[in-house]
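Quick notes on the structure that follows.
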Amino acid sequence: MKAKTFYKTHLATSISLLLGASMLTPALAQELNESDVEVIQVKGIRGSMIKSMDVKRSSAGIVDAINAEDIGKFPDTNLAESLQRITGVSIDRNNGEGSKVTVRGFGPERNLVTLNGRQLPTTTGDRSFDFANIAAEGVSGVEVYKTSNATVPTGGIGATINILTNKPLNNPGMHSTISAQALNDTSTNEGGVTPEFSGIYSNTSDDGKFGISISGSYSERESGNQQANVSTGWRSFDGTADQDWSGAPGANPQWGGVPKDEFQTNRPSDGDIYSVPQTTAYKFEEQQRKRTNAQLVLQYSPVENLTATLDYTYVKKDTDTQFNDVSAWYGFSPSKNVWTDGPISSPLLYSEDYEENGVGLQDIAMGGGDYGTRDETKSLGLNLEWQVNDNLNLELDYHNSSAENSPNNEFGSSNNLAMAGFIRASSATDFTGDLPILAIRGGNAIQPSDMLVTGSVFTNNKNRADTEQTQFRGKYLLEDAGSIDFGLSLTTSENRGQTKNVQRNNWGGEGSAGAYDADLFPRKSIQNQFTDVSGGNFADFNGLYGEDYEIMDTYFAFDFHGVRDQAAQLLSVQAVGDCGNSFCPSTDYASDTDRYNKEEMTAVYAQYNYDGEIGDMLYDVHVGLRYEETDVTSTSAVPGYNGAVWNGTTEVFLLSSGEQEFQTQEGSYNHTLPNFNFNIEVVEDVMLRAAYSETIGRPNYSQMIGGTSLNEGARFDGGSGTSGSAALLPLESDNIDLSAEWYYAPGSYVSLGYFRKTTTNNVVIDNIPVTTGIANPANGPYQQEALAAVGADGALQRQYIYDTYGATDPLVNLVNGNIEIQGNPATDSLMIFDIETPVNESGESTFDGIEFAVQHLFGESGFGGIINYTKVDTGAEFDNFDIGASTQDVELGISDTANLVAFYEDYGWSVRLAYNWRDEFLESQYQGDVGVSPVYVEAYSQLDMTISYDVPQVEGLNIFFNAINLTDEYIRKHGRSEYQVLNVTQQGARYNLGARYTF
């Protein structure tokens, strides 16, 4: 039997929000009793679409929503993957799963996420929220506010996203759902099926005064990915210069540039911009995730006009990661290359021959890691709602929430144990395909006996965020003259980040090759693991310059724990880790980075609402003003350094003073933010909307933390570091929105919208050169003497200095077989550090776009679908020809998006296909070790499918099957040119098979 539907005017349609009663206050729900309306029961996908459409239609501004199809049954297993179906919403994926949301081109940190109207703490350093932390089963709906009104908290330039959870008094009676499912993720090489369980119980007393809701979920996921990287980035140059090829200290400030010689085929022309790769690497990762969600909601309404709600939310996510990688580092010795045409030129083939150039055999580097983190969120809230009389409603809401990210592995929250075999006679990379193909002469002949340990780093990161918020809200009805919303909000957010690194910097190798058990090094193929992405094969280049290229197809998936244990016994190491050596992390945070930020926000608002008629046209208007004050205090403790040592070919390492330096900064700002929303039903079922607002997007927490932190690892030509600023101002945006919507049939509509945002105070990063008083051992009289004696090779220079001065100068030493030359303040030049510092730009940027959406239900046939498209334009695009050291005034994440959803639902069957597309966008202005350079994420599309069946023999039993990324799409990122690949991640499909029982 088909569910009954109804179809009325705009005013009557809002009544159908009873279908999603969690959207309404209890007072309003009580007003709409059975004598006022017909009770409608529409379930499944159709019901969800109708409820979402009614939220959109009856909203004061431009609002989109997603609703649960039924209690405990959200449209997708991941909230972010549900949100991407909304017009103008796209997502970022982490390990194949939706994690963060971009709205109208504004990235995750530009969108405010709230839980039941409350600001959530985050531990990411920015303001983005990871939707992978929240299980979808406990969510009743999500609202996306694309236009602002005074009652909505500030902070979202793209949108404010409000996650709604179940409230039992809004859904009277007993409702319960349990589900179990098995997950098979094809991205993992370890295989195996993992479980997911969830349940929700909601009940109210017979008199409707008391309600309780309990929900919980537990899931495990075994996943993996296969990556190809130029992780350190591409160095860019002006093609006009005639570069010296040398990469040695003092030889050439344009380290990495290529000369104009006969070994450059189609060498970039004068005026072209060209780039060279720093590395080529392959990484193979496995990840295990365990997620637990729980929520308890208690509601009590002792009298008809008073409701108290107490809720507690708990989230825990444990993530364990293991990886092995293999890479070749280009040292920028003389190279032989084939180039694309300009004006942005890239190598189709980049190659270096170390035997031919006389620089000696280089290393094939291999790394391994095993680490884990725990994310934990706790939130306790109390809400009191009092319908004082027919005209006045008051509400008090308080919550205290915390989020913590901490190490959850004895070897830290991240680590990397590096090994190498020094057998690389030459290396080359073919960049003609989507996948970069690495060739190494002699590489496939590598043996376990060639391997020795080089550098390592074990890191503990501990981050905690606390948010305490009190909100007072009220609404006063002015009889026939409209209503006034008013309120006050007090919010305090505290963020603390602590870091402790235990790092060994002997990247040139330590100990003897062959000292480790051979059975610790299982040999595996590189190329066989990339089944979904193809690359070049050197066919067009074999024989060029007399070279036949040997494609690298070997790496050791070495036993991280076994090698680590043996290295700790074989090598002379300092007792700086908790385990008594340097091959483990330390919890002595007091000697490393400790950053704290406190943000106090006070907001007051008032908004006037009025609805009436112009002729036969119903309209409503909302005029509001929100005033906000924000005070920021930042205190940082960063490690102090009192020297530097030259301990690698081009590597310089800072020496810790063992003490912390403390710095405090303060900042404040205030804003008066007006808003105006006007909606009119010009003819029956046709809505026109116009809105204007001013909004702000606060700087990331990490950007506001003061204190200069230097990076321990530097190079012969200087170092780097970071600094924040508590005085940063928020991004300010003037917003105009226009929309036309036609609700032409039950559950069906078409809409066309235009939006324009003009922003100021965008935060950019300036590289500010700073001299700290640390002497540079790779730029002094010893180095100059060695350069004249042995040439440009850094390793030969260090050997010359040791042979000449090691016996007489205490600053020149042999440590564990490695030459270390310490800086001499009396003779060496002082190191210059480029400090990345956030500053506000004074210029304006304009973003505008159109949104088009169609939702259609084909009558009673059971078929329906959604088509939407968003086009975003900006005048502030990244200038690929700018190879300067400072970031540009551009917004990240701007891209066009489109979605196509088709479904069939009848006779107990429900089938849905969802296609999502996102065009290319700028993800970052930083590339690895290179610094400022663009990172573009290429256009991506994905096809998902859901099938479910209501078993007729067992009432309430539903069997379902979900397939995510059916076509095994992969993610690819590049630099200034598509040939400048930075990352290719193969992620695979995942499948869920489960059962849900509702009673």
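If you're wondering about the labels, chains in the structure tokens are A, B, ... by order shown, residues count from 1 in each chain, ligands from 1 in order shown.
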For the contact check between segment 471-581 of chain A and segment 404-428 of chain A, emit one row per residue of segment 471-581 of chain A within 8 Å, containing the shortest atom pair and the distance in Å rounded to one decimal, counting only C-alpha atoms, chain then rising number order, as a tab-separated table.
residue	atom	partner	partner_atom	distance
A:Gly509	CA	A:Ala420	CA	7.3
A:Ala513	CA	A:Gly421	CA	7.9
A:Tyr549	CA	A:Ala428	CA	7.6
A:Phe560	CA	A:Leu417	CA	7.4
A:Arg564	CA	A:Leu417	CA	7.6
Using the chain letters and numbers from this document, which residues of segment 65-213 of chain A does DSSP assign to helix (DSSP H, G or I), as a list of chain:residue names?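 Written out, the helix (DSSP H, G or I) residues of segment 65-213 of chain A are A:Leu79, A:Ala80, A:Glu81, A:Ser82, A:Leu83, A:Pro108, A:Glu109, A:Arg110, A:Phe131, A:Ala132, A:Asn133, A:Ala136, A:Glu137, A:Gly138, A:Pro168, A:Leu169, A:Asn170.
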Residues from the last selection, C-alpha atoms, saved as a PDB file, in the first residue's frame:
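Writing done, so here's selection-v5.pdb:
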ATOM      1  CA  LEU A  79      27.365  12.255   7.102  1.00  0.00           C
ATOM      2  CA  ALA A  80      29.749  13.964   4.703  1.00  0.00           C
ATOM      3  CA  GLU A  81      28.757  11.604   1.915  1.00  0.00           C
ATOM      4  CA  SER A  82      25.118  12.516   2.544  1.00  0.00           C
ATOM      5  CA  LEU A  83      25.844  16.232   2.541  1.00  0.00           C
ATOM      6  CA  PRO A 108      36.001  23.215   5.642  1.00  0.00           C
ATOM      7  CA  GLU A 109      37.524  25.875   7.904  1.00  0.00           C
ATOM      8  CA  ARG A 110      35.125  28.466   6.374  1.00  0.00           C
ATOM      9  CA  PHE A 131      32.381  14.183   9.868  1.00  0.00           C
ATOM     10  CA  ALA A 132      33.989  10.735   9.966  1.00  0.00           C
ATOM     11  CA  ASN A 133      33.898  11.033  13.778  1.00  0.00           C
ATOM     12  CA  ALA A 136      25.147   8.598  10.859  1.00  0.00           C
ATOM     13  CA  GLU A 137      22.784   6.237  12.695  1.00  0.00           C
ATOM     14  CA  GLY A 138      22.281   8.630  15.623  1.00  0.00           C
ATOM     15  CA  PRO A 168      12.145  11.761  22.248  1.00  0.00           C
ATOM     16  CA  LEU A 169       9.359  14.255  23.064  1.00  0.00           C
ATOM     17  CA  ASN A 170       9.403  15.381  19.433  1.00  0.00           C
TER      18      ASN A 170
END
Counting only C-alpha atoms, which of A:Asp950, A:Pro75, A:Val326, A:Gln888 gets nearest to Ala914 of chain A?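 Of A:Asp950, A:Pro75, A:Val326, A:Gln888, the one nearest Ala914 of chain A is A:Pro75, counting only C-alpha atoms.
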Skip Trp909 of chain A itself and residues of its chain fewer than 2 positions away, then list as number ranges by chain all residues within 6 Å of it, counting only C-alpha atoms. A: 905-907, 948-949
Which neighbours of Val652 of chain A fall inside 10 Å, counting only C-alpha atoms, when residues of the same chain fewer than 5 positions from it are skipped, and could you give them as JSON, numbers by chain? {"A": [505, 644, 645, 646, 647, 712, 713, 714, 715, 716, 717, 718, 719, 776, 777, 778, 820, 821, 822, 823]}
Which residues, written as a PDB file with C-alpha atoms, in the first residue's frame, have at least one atom at most 9 Å from Asn899 of chain A, with only C-alpha atoms counted and residues fewer than 2 positions away on the same chain left out?
ATOM      1  CA  GLN A  84      27.562  16.111  -0.837  1.00  0.00           C
ATOM      2  CA  ARG A  85      24.138  15.427  -2.397  1.00  0.00           C
ATOM      3  CA  ILE A  86      23.087  18.983  -1.449  1.00  0.00           C
ATOM      4  CA  THR A  87      23.447  21.660  -4.098  1.00  0.00           C
ATOM      5  CA  ILE A 866      17.686  14.777  -7.928  1.00  0.00           C
ATOM      6  CA  ILE A 867      19.882  16.774 -10.290  1.00  0.00           C
ATOM      7  CA  ASN A 868      21.858  19.754  -9.074  1.00  0.00           C
ATOM      8  CA  TYR A 869      24.745  21.847 -10.329  1.00  0.00           C
ATOM      9  CA  THR A 897      30.057  20.623  -8.359  1.00  0.00           C
ATOM     10  CA  VAL A 901      20.660  10.844  -7.733  1.00  0.00           C
ATOM     11  CA  ALA A 914      24.163   8.570  -6.591  1.00  0.00           C
ATOM     12  CA  TYR A 915      26.741  10.183  -8.863  1.00  0.00           C
ATOM     13  CA  ASN A 916      28.876  13.001  -7.478  1.00  0.00           C
ATOM     14  CA  TRP A 917      31.261  15.223  -9.444  1.00  0.00           C
ATOM     15  CA  ARG A 918      33.632  17.963  -8.350  1.00  0.00           C
TER      16      ARG A 918
END
Residues within 6 Å of segment 470-477 of chain A, please, as JSON, numbers by chain. Count only C-alpha atoms; anything in the same chain fewer than 4 positions from it doesn't count. {"A": [391, 392, 393, 394, 395, 396, 397, 398, 483, 484, 485, 486, 487, 488, 489, 490]}
Can you write just those residues out, N, CA and C atoms, as an mmCIF file, in the first residue's frame?
data_model
loop_
_atom_site.group_PDB
_atom_site.id
_atom_site.type_symbol
_atom_site.label_atom_id
_atom_site.label_comp_id
_atom_site.auth_asym_id
_atom_site.auth_seq_id
_atom_site.Cartn_x
_atom_site.Cartn_y
_atom_site.Cartn_z
ATOM 1 N N ASN A 391 2.537 34.743 23.869
ATOM 2 C CA ASN A 391 3.355 35.666 23.083
ATOM 3 C C ASN A 391 4.859 35.494 23.296
ATOM 4 N N LEU A 392 5.274 34.904 24.388
ATOM 5 C CA LEU A 392 6.693 34.894 24.741
ATOM 6 C C LEU A 392 7.193 33.478 24.955
ATOM 7 N N ASN A 393 8.288 33.161 24.269
ATOM 8 C CA ASN A 393 8.985 31.886 24.434
ATOM 9 C C ASN A 393 10.433 32.176 24.786
ATOM 10 N N LEU A 394 10.943 31.523 25.833
ATOM 11 C CA LEU A 394 12.324 31.714 26.272
ATOM 12 C C LEU A 394 13.046 30.377 26.283
ATOM 13 N N GLU A 395 14.335 30.434 26.024
ATOM 14 C CA GLU A 395 15.134 29.210 25.978
ATOM 15 C C GLU A 395 16.530 29.499 26.512
ATOM 16 N N LEU A 396 17.011 28.624 27.386
ATOM 17 C CA LEU A 396 18.364 28.695 27.913
ATOM 18 C C LEU A 396 19.081 27.402 27.554
ATOM 19 N N ASP A 397 20.235 27.524 26.929
ATOM 20 C CA ASP A 397 20.991 26.353 26.489
ATOM 21 C C ASP A 397 22.435 26.480 26.956
ATOM 22 N N TYR A 398 22.927 25.429 27.588
ATOM 23 C CA TYR A 398 24.314 25.410 28.069
ATOM 24 C C TYR A 398 24.949 24.079 27.697
ATOM 25 N N SER A 483 6.959 39.339 14.844
ATOM 26 C CA SER A 483 7.623 38.789 16.022
ATOM 27 C C SER A 483 9.052 39.300 16.084
ATOM 28 N N ILE A 484 9.634 39.166 17.278
ATOM 29 C CA ILE A 484 11.027 39.580 17.490
ATOM 30 C C ILE A 484 11.784 38.405 18.094
ATOM 31 N N ASP A 485 12.889 38.037 17.462
ATOM 32 C CA ASP A 485 13.839 37.085 18.030
ATOM 33 C C ASP A 485 14.949 37.877 18.709
ATOM 34 N N PHE A 486 15.397 37.420 19.863
ATOM 35 C CA PHE A 486 16.479 38.106 20.558
ATOM 36 C C PHE A 486 17.295 37.072 21.310
ATOM 37 N N GLY A 487 18.534 37.433 21.620
ATOM 38 C CA GLY A 487 19.358 36.449 22.301
ATOM 39 C C GLY A 487 20.721 36.973 22.705
ATOM 40 N N LEU A 488 21.383 36.167 23.498
ATOM 41 C CA LEU A 488 22.728 36.440 24.005
ATOM 42 C C LEU A 488 23.491 35.135 23.999
ATOM 43 N N SER A 489 24.750 35.197 23.586
ATOM 44 C CA SER A 489 25.602 34.012 23.550
ATOM 45 C C SER A 489 26.960 34.341 24.144
ATOM 46 N N LEU A 490 27.422 33.489 25.054
ATOM 47 C CA LEU A 490 28.753 33.602 25.650
ATOM 48 C C LEU A 490 29.502 32.306 25.358
#
For atom CA of Gly360 of chain A and atom CA of Thr649 of chain A, the interatomic separation in Å (one decimal):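 Between these atoms lies a distance of 12.5 Å.
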Nearest to Glu920 of chain A by atom-to-atom distance, counting only C-alpha atoms, from A:Pro347, A:Gly105, A:Gly721, A:Gly865: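 Smallest separation from Glu920 of chain A among the options: A:Gly105.
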Find the distance between atom CA of Leu380 of chain A and atom CA of Ser52 of chain A and write it in Å to one decimal.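 If I compute the distance from atom CA of Leu380 of chain A to atom CA of Ser52 of chain A, I get 28.3 Å.
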